[in-house]
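Report on the following structure.
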Amino acid sequence: TTTTTTTTTTTPDKMTFASHAEGERPYTDASSMAIHKTKCPPGGSWNGYFENVTKRKDRNFIRIAEQFVLFFNATPPSNARTTFLEDETENENNDDENQLQKEGRLPEGRIHVRGMGTNQFGTFEIVGSLHLETNILHCQRMYVFTT
């Protein structure tokens, strides 16, 4: 008796910020939609800085240069998150929008934001949301270990 075993290997699809699960809508850049064109910047590469507050008496802050890529997704997945972890801070307002934000879920009237970047401290991922009424971008960054 002879037994033949055939093994097939497949390479998984590369995950990107535009990847979506089966049954979910594909990524749509919010700036490409007429309804968001005047309120939402196009996704792409950005250069900027943040101010790192210091306790030194001879200077109040240090500017940290960084480069990053942001994507503004008008069709986010149903489980889109705007934070890396649940917010454990106490909030006096317990309305639906604040509860969604506390849970890290995308509230109504906001565009989902994902991205990544680098600065002198390392490589980071970004998640957040763009509030369409106020045009305020709320983001969190988390540094990732790279080899």
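Lettering and numbering for the structure tokens are positional, with chains as A, B, ... in the shown order, residues counted from 1 in each chain, and ligands counted from 1 in the shown order.
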Contacts of Gly128 in chain A within 8 Å, only C-alpha atoms, excl. fewer than 6 positions in-chain, as a ChimeraX atom specification: /A:81-83,112-114,137-140
Distance in Å - CA of Arg25 in chain A versus CA of Pro77 in chain A: 6.9 Å
Length of the CA of Ser78 in chain A to CA of Leu106 in chain A vector [Å]: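 That distance, rounded to one decimal, is 8.9 Å.
You can rank A:Gly109, A:Gly122, A:Gly44, A:Gly117 by their closest distance to Ala74 in chain A using only C-alpha atoms, and at the top of that list sits A:Gly109.
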Spatial neighbours of Asp29 in chain A, 8 Å, only C-alpha atoms, chain gap at least 6 places, as a list in words: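 Answer for this query is Pro42, Gly43, Phe71, Phe72, Asn73 and Ala74 of chain A.
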Same residues, N, CA and C atoms, saved as a PDB file, in the first residue's frame:
```pdb
ATOM      1  N   PRO A  42      -6.962  64.914   1.584  1.00  0.00           N
ATOM      2  CA  PRO A  42      -6.678  63.617   0.949  1.00  0.00           C
ATOM      3  C   PRO A  42      -5.714  62.811   1.806  1.00  0.00           C
ATOM      4  N   GLY A  43      -5.846  61.505   1.756  1.00  0.00           N
ATOM      5  CA  GLY A  43      -4.887  60.648   2.439  1.00  0.00           C
ATOM      6  C   GLY A  43      -3.539  60.767   1.753  1.00  0.00           C
ATOM      7  N   PHE A  71      -4.603  57.900   6.369  1.00  0.00           N
ATOM      8  CA  PHE A  71      -5.670  57.499   5.462  1.00  0.00           C
ATOM      9  C   PHE A  71      -7.003  57.843   6.104  1.00  0.00           C
ATOM     10  N   PHE A  72      -7.863  58.539   5.362  1.00  0.00           N
ATOM     11  CA  PHE A  72      -9.175  58.956   5.846  1.00  0.00           C
ATOM     12  C   PHE A  72     -10.219  58.071   5.167  1.00  0.00           C
ATOM     13  N   ASN A  73     -10.745  57.089   5.897  1.00  0.00           N
ATOM     14  CA  ASN A  73     -11.616  56.073   5.326  1.00  0.00           C
ATOM     15  C   ASN A  73     -13.089  56.416   5.539  1.00  0.00           C
ATOM     16  N   ALA A  74     -13.796  56.723   4.454  1.00  0.00           N
ATOM     17  CA  ALA A  74     -15.217  57.055   4.523  1.00  0.00           C
ATOM     18  C   ALA A  74     -16.088  55.812   4.644  1.00  0.00           C
TER      19      ALA A  74
END
```
Interatomic distance, CA of Leu132 in chain A to CA of Lys39 in chain A (Å, one decimal):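 Separating CA of Leu132 in chain A from CA of Lys39 in chain A is a distance of 6.4 Å.
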Residue among A:Thr54, A:Thr118, A:Ser129, A:Asn60 lying closest to Phe145 in chain A, counting only C-alpha atoms: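 Counting only C-alpha atoms, the residue closest to Phe145 in chain A is A:Thr118.
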Nearest candidate to Met142 in chain A (options A:Ala65, A:Leu70, A:Ala30, A:Val127; using only C-alpha atoms):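 Closest to Met142 in chain A, using only C-alpha atoms: A:Val127.
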Of the listed residues A:His131, A:Asn47, A:Thr147, A:Glu24, that which approaches Ala80 in chain A most closely, counting only C-alpha atoms: A:Glu24
Residue with smallest distance to Arg63 in chain A - pool A:Asn119, A:Tyr49, A:Thr134, A:Glu125, counting only C-alpha atoms: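 Using only C-alpha atoms, the shortest distance to Arg63 in chain A belongs to A:Tyr49.
Proximity to Gln67 in chain A was assessed for A:Phe84, A:Phe124, A:Tyr143, A:Tyr27 counting only C-alpha atoms; the smallest distance is recorded for A:Phe124.
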Nearby residues (only C-alpha atoms) at most 6 Å from Phe61 in chain A, same-chain spacing under 3 positions excluded, as a short mmCIF file (atom, residue, chain, number, x, y, z; two decimals) with C-alpha atoms, in the first residue's frame:
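Produced file around.cif, reproduced below:
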```cif
data_model
loop_
_atom_site.label_atom_id
_atom_site.label_comp_id
_atom_site.auth_asym_id
_atom_site.auth_seq_id
_atom_site.Cartn_x
_atom_site.Cartn_y
_atom_site.Cartn_z
CA GLU A 51 6.04 69.54 20.92
CA ASN A 52 7.55 67.47 23.70
CA VAL A 53 7.15 69.32 26.99
CA THR A 54 10.24 69.40 29.18
#
```
DSSP-assigned strand (DSSP E) among range 24-118 of chain A, expressed as number ranges by chain: A: 44-53, 61-73, 110-118
Which of range 23-138 of chain A DSSP labels helix (DSSP H, G or I), written as number ranges by chain: A: 30-32, 96-102
